[in-house]
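S.K.: Have a peek at protein.txt (compact mmCIF, C-alpha atoms).
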```
# COMPACT_ATOMS: atom_id res chain seq x y z
CA MET I 1 -52.68 -28.06 -71.39
CA SER I 2 -50.31 -30.99 -71.09
CA TRP I 3 -48.39 -31.99 -74.17
CA LEU I 4 -48.74 -35.66 -73.32
CA GLU I 5 -51.15 -37.34 -70.94
CA VAL I 6 -51.02 -41.09 -70.49
CA LYS I 7 -53.95 -42.24 -68.39
CA ASP I 8 -54.21 -45.67 -66.80
CA LEU I 9 -52.79 -47.28 -69.94
CA LYS I 10 -53.01 -51.04 -70.30
CA VAL I 11 -51.22 -52.66 -73.21
CA ARG I 12 -51.00 -56.26 -74.37
CA VAL I 13 -48.47 -57.81 -76.69
CA GLU I 14 -49.42 -61.25 -77.97
CA ASP I 15 -51.80 -62.02 -75.10
CA ARG I 16 -49.41 -60.85 -72.43
CA GLU I 17 -50.17 -57.63 -70.57
CA ILE I 18 -47.02 -55.48 -70.46
CA LEU I 19 -48.37 -52.18 -69.16
CA HIS I 20 -50.79 -52.56 -66.26
CA GLY I 21 -52.25 -49.11 -65.87
CA LEU I 22 -49.54 -46.56 -66.54
CA THR I 23 -50.16 -42.89 -65.85
CA LEU I 24 -47.83 -40.07 -66.88
CA THR I 25 -48.30 -36.37 -67.57
CA VAL I 26 -45.69 -34.32 -69.40
CA ASN I 27 -45.98 -30.55 -69.80
CA PRO I 28 -44.34 -28.38 -72.43
CA GLY I 29 -40.82 -27.36 -71.47
CA GLU I 30 -40.33 -30.40 -69.26
CA VAL I 31 -37.90 -33.26 -69.62
CA HIS I 32 -39.01 -36.47 -67.95
CA ALA I 33 -36.68 -39.40 -67.42
CA ILE I 34 -38.11 -42.90 -67.24
CA MET I 35 -35.86 -45.43 -65.59
CA GLY I 36 -36.42 -49.05 -64.81
CA PRO I 37 -35.03 -52.54 -65.16
CA ASN I 38 -35.26 -54.65 -68.31
CA GLY I 39 -38.78 -55.80 -69.00
CA SER I 40 -40.48 -53.06 -66.98
CA GLY I 41 -42.30 -51.80 -70.08
CA LYS I 42 -40.27 -48.69 -70.92
CA SER I 43 -39.81 -49.51 -74.59
CA THR I 44 -43.40 -50.70 -74.90
CA LEU I 45 -44.52 -47.26 -73.79
CA SER I 46 -42.39 -45.57 -76.45
CA HIS I 47 -43.62 -47.97 -79.14
CA VAL I 48 -47.26 -47.37 -78.25
CA ILE I 49 -46.78 -43.60 -78.34
CA ALA I 50 -45.11 -43.96 -81.76
CA GLY I 51 -47.95 -46.15 -83.05
CA LYS I 52 -46.00 -49.33 -83.75
CA PRO I 53 -48.21 -52.21 -84.90
CA GLY I 54 -48.55 -55.26 -82.66
CA TYR I 55 -49.45 -53.45 -79.44
CA GLU I 56 -53.04 -53.74 -78.28
CA VAL I 57 -54.30 -51.02 -75.97
CA THR I 58 -56.95 -52.67 -73.82
CA ASP I 59 -57.69 -49.77 -71.49
CA GLY I 60 -56.79 -46.17 -70.76
CA GLN I 61 -55.87 -43.40 -73.14
CA ILE I 62 -53.08 -41.20 -74.46
CA LEU I 63 -53.81 -37.54 -75.13
CA PHE I 64 -51.42 -35.49 -77.22
CA ARG I 65 -52.15 -31.81 -76.63
CA GLY I 66 -55.68 -32.83 -75.73
CA GLU I 67 -56.24 -35.01 -78.80
CA ASP I 68 -56.70 -38.77 -78.78
CA LEU I 69 -53.32 -40.02 -79.98
CA LEU I 70 -54.35 -43.64 -80.26
CA GLU I 71 -56.83 -42.75 -83.02
CA MET I 72 -54.04 -41.42 -85.24
CA GLU I 73 -51.93 -43.29 -87.81
CA PRO I 74 -48.15 -43.13 -87.28
CA ASP I 75 -47.67 -40.59 -90.11
CA GLU I 76 -50.40 -38.35 -88.62
CA ARG I 77 -48.64 -38.49 -85.27
CA ALA I 78 -45.39 -37.46 -86.95
CA ALA I 79 -47.04 -34.53 -88.74
CA LYS I 80 -48.63 -33.36 -85.49
CA GLY I 81 -45.27 -33.39 -83.74
CA VAL I 82 -44.63 -36.73 -82.07
CA PHE I 83 -41.07 -37.90 -82.53
CA PRO I 84 -39.64 -41.10 -81.10
CA ALA I 85 -35.88 -41.52 -81.46
CA PHE I 86 -35.41 -45.23 -81.78
CA GLN I 87 -32.98 -47.39 -79.86
CA TYR I 88 -32.16 -49.37 -82.99
CA PRO I 89 -33.00 -47.25 -86.05
CA VAL I 90 -33.46 -49.42 -89.15
CA GLU I 91 -31.14 -49.35 -92.13
CA ILE I 92 -32.57 -48.46 -95.55
CA PRO I 93 -29.81 -49.07 -98.07
CA GLY I 94 -30.21 -47.37 -101.45
CA VAL I 95 -32.25 -44.46 -100.06
CA ALA I 96 -29.87 -41.55 -99.55
CA THR I 97 -30.23 -39.98 -96.11
CA MET I 98 -30.64 -36.51 -97.61
CA ASN I 99 -33.45 -37.71 -99.88
CA PHE I 100 -35.17 -39.50 -97.00
CA LEU I 101 -35.01 -36.45 -94.75
CA ARG I 102 -36.44 -34.12 -97.37
CA THR I 103 -39.22 -36.54 -98.36
CA ALA I 104 -40.20 -37.04 -94.72
CA LEU I 105 -40.08 -33.36 -93.77
CA ASN I 106 -42.08 -32.36 -96.83
CA ALA I 107 -44.67 -35.09 -96.19
CA GLN I 108 -45.13 -33.71 -92.67
CA ARG I 109 -45.37 -30.12 -93.91
CA LYS I 110 -47.86 -31.11 -96.60
CA ALA I 111 -50.03 -32.87 -94.01
CA ARG I 112 -50.06 -29.67 -91.94
CA GLY I 113 -50.97 -27.59 -94.98
CA GLU I 114 -47.58 -25.85 -95.05
CA SER I 115 -45.48 -25.22 -98.15
CA GLU I 116 -42.89 -27.84 -99.07
CA PHE I 117 -39.17 -27.12 -98.96
CA SER I 118 -37.42 -26.70 -102.30
CA LYS I 119 -34.21 -28.67 -102.78
CA PRO I 120 -31.86 -25.68 -102.29
CA ASP I 121 -33.74 -24.37 -99.23
CA PHE I 122 -33.74 -27.80 -97.68
CA LEU I 123 -30.06 -28.30 -98.42
CA LYS I 124 -29.24 -25.08 -96.63
CA LYS I 125 -31.32 -26.03 -93.61
CA VAL I 126 -30.01 -29.57 -93.30
CA ARG I 127 -26.39 -28.44 -93.64
CA GLU I 128 -26.80 -25.97 -90.82
CA VAL I 129 -28.32 -28.54 -88.50
CA ALA I 130 -25.84 -31.26 -89.50
CA LYS I 131 -22.94 -28.97 -88.75
CA SER I 132 -24.20 -28.25 -85.26
CA LEU I 133 -24.32 -32.00 -84.59
CA ASN I 134 -20.89 -32.70 -86.04
CA ILE I 135 -22.39 -34.74 -88.88
CA PRO I 136 -20.18 -34.81 -91.98
CA GLN I 137 -21.81 -34.07 -95.36
CA ASP I 138 -20.66 -37.44 -96.54
CA MET I 139 -22.96 -39.18 -94.06
CA LEU I 140 -26.01 -37.48 -95.58
CA LYS I 141 -25.21 -38.96 -98.99
CA ARG I 142 -25.07 -42.52 -97.70
CA GLY I 143 -28.11 -44.80 -97.44
CA VAL I 144 -30.28 -44.17 -94.36
CA ASN I 145 -28.30 -45.61 -91.43
CA ALA I 146 -26.66 -48.07 -93.85
CA GLY I 147 -23.38 -49.14 -92.31
CA PHE I 148 -23.56 -46.28 -89.79
CA SER I 149 -21.80 -46.76 -86.47
CA GLY I 150 -23.91 -46.73 -83.30
CA GLY I 151 -22.97 -43.10 -82.69
CA GLU I 152 -23.81 -42.09 -86.26
CA LYS I 153 -27.23 -43.73 -86.05
CA LYS I 154 -28.08 -41.86 -82.86
CA ARG I 155 -26.83 -38.58 -84.32
CA ASN I 156 -28.97 -39.21 -87.39
CA GLU I 157 -32.01 -39.59 -85.12
CA ILE I 158 -31.19 -36.32 -83.37
CA LEU I 159 -30.65 -34.65 -86.73
CA GLN I 160 -34.21 -35.63 -87.66
CA MET I 161 -35.48 -34.41 -84.33
CA ALA I 162 -33.86 -31.03 -85.01
CA LEU I 163 -35.24 -30.85 -88.56
CA PHE I 164 -38.81 -31.89 -87.77
CA GLU I 165 -39.11 -29.65 -84.70
CA PRO I 166 -41.54 -31.94 -82.87
CA ALA I 167 -43.61 -31.01 -79.81
CA VAL I 168 -43.01 -34.29 -77.99
CA CYS I 169 -39.80 -36.33 -78.26
CA ILE I 170 -39.28 -39.78 -76.82
CA LEU I 171 -35.65 -40.86 -76.64
CA ASP I 172 -35.49 -44.61 -76.14
CA GLU I 173 -32.16 -45.62 -74.61
CA MET I 174 -30.16 -43.24 -76.72
CA ASP I 175 -27.14 -43.97 -74.52
CA SER I 176 -26.97 -47.66 -75.42
CA GLY I 177 -23.90 -48.52 -77.44
CA LEU I 178 -22.37 -45.04 -77.23
CA ASP I 179 -18.93 -44.24 -75.88
CA ILE I 180 -18.52 -41.19 -73.67
CA ASP I 181 -17.61 -38.82 -76.50
CA ALA I 182 -20.48 -39.96 -78.74
CA LEU I 183 -22.82 -39.71 -75.75
CA ARG I 184 -21.74 -36.15 -75.06
CA ILE I 185 -22.29 -35.08 -78.68
CA ALA I 186 -25.73 -36.71 -78.73
CA ALA I 187 -26.68 -35.18 -75.38
CA ASP I 188 -25.51 -31.71 -76.45
CA GLY I 189 -27.72 -32.09 -79.52
CA VAL I 190 -30.70 -32.98 -77.37
CA ASN I 191 -30.04 -30.16 -74.89
CA ALA I 192 -29.92 -27.65 -77.74
CA LEU I 193 -33.45 -28.73 -78.61
CA ARG I 194 -34.88 -28.18 -75.15
CA SER I 195 -37.50 -25.50 -75.44
CA PRO I 196 -40.51 -24.12 -73.55
CA HIS I 197 -42.61 -25.42 -76.45
CA ARG I 198 -41.28 -28.95 -76.42
CA ALA I 199 -41.65 -31.87 -74.05
CA MET I 200 -39.18 -34.74 -73.85
CA ILE I 201 -39.23 -38.21 -72.40
CA VAL I 202 -35.84 -39.79 -71.92
CA ILE I 203 -35.85 -43.54 -71.37
CA THR I 204 -32.70 -45.01 -69.87
CA HIS I 205 -31.29 -47.72 -67.63
CA TYR I 206 -28.47 -45.63 -66.33
CA GLN I 207 -28.16 -42.48 -64.33
CA ARG I 208 -25.09 -41.52 -66.37
CA LEU I 209 -27.12 -40.10 -69.26
CA LEU I 210 -28.99 -37.83 -66.83
CA ASN I 211 -25.73 -36.11 -65.92
CA TYR I 212 -25.75 -34.77 -69.46
CA ILE I 213 -29.48 -34.36 -70.03
CA VAL I 214 -30.75 -33.11 -66.69
CA PRO I 215 -34.44 -33.99 -66.29
CA ASN I 216 -37.12 -32.04 -64.40
CA VAL I 217 -38.83 -35.23 -63.28
CA VAL I 218 -37.59 -38.80 -62.84
CA HIS I 219 -39.98 -41.75 -62.91
CA VAL I 220 -39.18 -45.30 -61.94
CA MET I 221 -41.03 -48.02 -63.82
CA SER I 222 -41.41 -51.54 -62.60
CA LYS I 223 -43.62 -54.29 -63.97
CA GLY I 224 -45.63 -52.07 -66.27
CA ARG I 225 -46.35 -49.17 -63.91
CA VAL I 226 -44.76 -45.98 -62.69
CA VAL I 227 -43.94 -46.86 -59.09
CA LYS I 228 -42.13 -43.73 -57.98
CA SER I 229 -41.57 -40.20 -59.25
CA GLY I 230 -39.19 -37.57 -57.99
CA ASP I 231 -36.41 -35.22 -59.00
CA GLN I 232 -32.90 -36.01 -60.12
CA GLN I 233 -32.04 -37.15 -56.61
CA LEU I 234 -34.15 -40.24 -57.28
CA ALA I 235 -31.91 -41.21 -60.19
CA LEU I 236 -28.85 -40.90 -57.97
CA GLU I 237 -30.44 -43.11 -55.31
CA LEU I 238 -31.16 -45.73 -57.96
CA GLU I 239 -27.56 -45.71 -59.04
CA THR I 240 -26.46 -46.78 -55.58
CA ALA I 241 -29.41 -48.88 -54.41
CA GLY I 242 -30.50 -50.47 -57.70
CA TYR I 243 -34.00 -51.36 -58.81
CA ALA I 244 -34.60 -54.26 -56.43
CA GLN I 245 -36.26 -52.01 -53.83
CA PHE I 246 -39.10 -51.36 -56.25
CA GLU I 247 -39.80 -54.97 -57.16
CA ASP I 248 -42.28 -55.38 -54.31
CA VAL I 249 -44.01 -52.05 -54.79
CA ALA I 250 -45.32 -53.02 -58.21
CA MET A 251 -36.52 -59.05 -114.66
CA PRO A 252 -33.51 -61.01 -115.90
CA TYR A 253 -31.35 -59.41 -118.55
CA VAL A 254 -28.70 -61.54 -120.20
CA GLU A 255 -26.61 -60.93 -123.24
CA ALA A 256 -24.62 -63.65 -125.00
CA LYS A 257 -22.00 -63.61 -127.67
CA ASN A 258 -21.43 -67.36 -127.48
CA LEU A 259 -23.97 -69.33 -129.54
CA PHE A 260 -23.48 -72.44 -127.43
CA ALA A 261 -23.94 -70.85 -124.06
CA ILE A 262 -26.62 -72.20 -121.73
CA PHE A 263 -28.41 -69.69 -119.57
CA GLU A 264 -30.21 -69.97 -116.33
CA HIS A 265 -31.67 -67.28 -114.14
CA GLU A 266 -33.08 -67.15 -110.70
CA ALA A 267 -35.49 -64.76 -109.14
CA THR A 268 -36.41 -64.25 -105.53
CA THR A 269 -39.07 -62.11 -103.97
CA SER A 270 -39.00 -60.57 -100.56
CA LYS A 271 -41.26 -58.34 -98.54
CA ILE A 272 -40.17 -54.94 -97.34
CA SER A 273 -39.71 -55.40 -93.63
CA GLU A 274 -42.45 -54.10 -91.40
CA ASP A 275 -39.86 -52.33 -89.27
CA VAL A 276 -38.61 -50.36 -92.26
CA LEU A 277 -42.14 -49.35 -93.24
CA PHE A 278 -42.96 -48.37 -89.69
CA TYR A 279 -39.80 -46.28 -89.43
CA CYS A 280 -40.76 -44.39 -92.60
CA THR A 281 -44.38 -43.81 -91.60
CA GLN A 282 -43.32 -42.70 -88.15
CA ARG A 283 -41.22 -40.01 -89.85
CA GLY A 284 -44.29 -38.77 -91.72
CA LEU A 285 -44.52 -40.81 -94.94
CA SER A 286 -47.77 -42.51 -95.90
CA GLN A 287 -47.63 -46.28 -96.41
CA GLU A 288 -47.67 -45.78 -100.17
CA GLU A 289 -44.91 -43.15 -100.14
CA ALA A 290 -42.83 -45.39 -97.88
CA VAL A 291 -43.12 -48.41 -100.19
CA GLY A 292 -42.25 -46.26 -103.22
CA LEU A 293 -39.21 -44.73 -101.56
CA VAL A 294 -37.81 -48.02 -100.28
CA LEU A 295 -38.50 -49.91 -103.51
CA ASN A 296 -36.93 -47.26 -105.72
CA GLY A 297 -33.89 -47.22 -103.45
CA PHE A 298 -33.67 -50.99 -103.67
CA VAL A 299 -33.74 -51.20 -107.47
CA LYS A 300 -31.85 -47.97 -108.15
CA ASP A 301 -28.44 -49.58 -108.50
CA VAL A 302 -29.74 -52.07 -111.04
CA LEU A 303 -31.80 -49.57 -113.00
CA GLN A 304 -28.84 -47.24 -113.37
CA GLN A 305 -26.90 -49.93 -115.22
CA LEU A 306 -29.63 -50.72 -117.71
CA PRO A 307 -29.66 -49.11 -121.14
CA MET A 308 -31.73 -45.91 -121.09
CA GLU A 309 -34.87 -47.28 -122.79
CA PHE A 310 -35.09 -50.21 -120.35
CA ALA A 311 -34.46 -48.01 -117.34
CA VAL A 312 -37.29 -45.66 -118.25
CA GLU A 313 -39.68 -48.53 -118.84
CA ALA A 314 -38.69 -50.26 -115.62
CA GLN A 315 -39.30 -47.10 -113.63
CA LYS A 316 -42.78 -46.80 -115.17
CA LEU A 317 -43.55 -50.43 -114.41
CA ILE A 318 -42.64 -49.91 -110.78
CA SER A 319 -44.93 -46.92 -110.41
CA ILE A 320 -47.81 -48.76 -112.10
CA PHE A 321 -47.21 -51.73 -109.86
CA LEU A 322 -47.28 -49.48 -106.80
CA GLU A 323 -50.61 -47.85 -107.57
CA GLY A 324 -53.13 -49.23 -105.18
CA SER A 325 -50.81 -51.96 -104.00
CA VAL A 326 -50.99 -50.69 -100.45
CA GLY A 327 -54.40 -50.87 -98.88
```
Would you mind giving the structure from this file in structure tokens?
M.R.:
Amino acid sequence: MSWLEVKDLKVRVEDREILHGLTLTVNPGEVHAIMGPNGSGKSTLSHVIAGKPGYEVTDGQILFRGEDLLEMEPDERAAKGVFPAFQYPVEIPGVATMNFLRTALNAQRKARGESEFSKPDFLKKVREVAKSLNIPQDMLKRGVNAGFSGGEKKRNEILQMALFEPAVCILDEMDSGLDIDALRIAADGVNALRSPHRAMIVITHYQRLLNYIVPNVVHVMSKGRVVKSGDQQLALELETAGYAQFEDVA
Amino acid sequence: MPYVEAKNLFAIFEHEATTSKISEDVLFYCTQRGLSQEEAVGLVLNGFVKDVLQQLPMEFAVEAQKLISIFLEGSVG
């Protein structure tokens, strides 16, 4: 069974159709890259999978491990193992990161009928994961993303990805605003989470990220559709030829 | 909830209050990480008022905390 099946998806935002029949199938263990110019609908796809309000699905469906994803509330999706890493994670001042992480993880576990983590057990777990991502303890005591640098915000997203152990991850332009060193740390974190039981979708403008996170499949999106799929060679071609060649296909 | 203390009998006081909504983006972020709407509002609100509550005398702080939880019950549909 596929972990994620997007079938002929049509999505409107405020009376404007953004996705015009998008189809995509991602199997467990696979990493798919989605590339495309600004406005091609990449972020819309990640928002719809996450369940963000304001997106109207007019046709098609999304199946998550065979279940109708669009019928689920965002918190249900999270508990079942859908994790979008946001391009611009919000700041929640006053709510300590550690407290947020534990509350969220326990809410997910409760929804799945699993036992909740005690404070000491959670502390041990989060410290282990944080260390592997080069996240200082001090960062976990600060408000969620409050005053974090771009690199810290992205690392905080990957920290959550590691803690929640989702089945499907969508990384929306995680390379934006990162310098080479921060990008490498973030990519190493993502690579460590690659698993035969996990599927990933990596959304990016640039081929550069795919040097670090090597995908199994590369898709090119243009004007709300997938217009070409291939292997990593396709990403390299795009780097030299640009997206213009696909404008007419769509 | 304004709290003012005066030692000058001739002082004139004014206070202002503003209300704001928790941003939809913040709520969405929390729910997408597994919190219910109600849990998300509680977490964000308590974080927001925490700094103020901590500076209140104990009896006020306890009461304020209770008021917040009463206010939250059923406030999210």
S.K.: As AutoDock Vina command-line options, what would the box around range 139-144 of chain I look like: edges along x, y and z, 6 Å added on every side, centre and edge lengths in Å to one decimal?
M.R.:
```
--center_x -26.6 --center_y -41.1 --center_z -96.5 --size_x 19.3 --size_y 19.3 --size_z 16.9
```
S.K.: To one decimal place in Å, what is the distance between CA of Ile203 in chain I and CA of Gly36 in chain I?
M.R.: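 Distance between the two atoms: 8.6 Å.
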S.K.: CA of Glu266 in chain A and CA of Val299 in chain A, how far apart in Å?
M.R.: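 Taking CA of Val299 in chain A and CA of Glu266 in chain A, their separation equals 16.3 Å.
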S.K.: Could you list, as a ChimeraX atom specification, every residue within 12 Å of range 253-262 of chain A, counting all atoms listed in the file and ignoring same-chain residues fewer than 3 positions away?
M.R.: /A:265-267,302-303,305-307,310-311
S.K.: CA of Val190 in chain I and CA of Leu293 in chain A are how many Å apart?
M.R.: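 Answer for the CA of Val190 in chain I to CA of Leu293 in chain A separation: 28.2 Å.
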S.K.: I need the chain I residues near chain A as a PyMOL selection string; criterion: at most 6 Å, counting all atoms listed in the file.
M.R.: chain I and resi 74-75+78-79+94-95+104+107-108
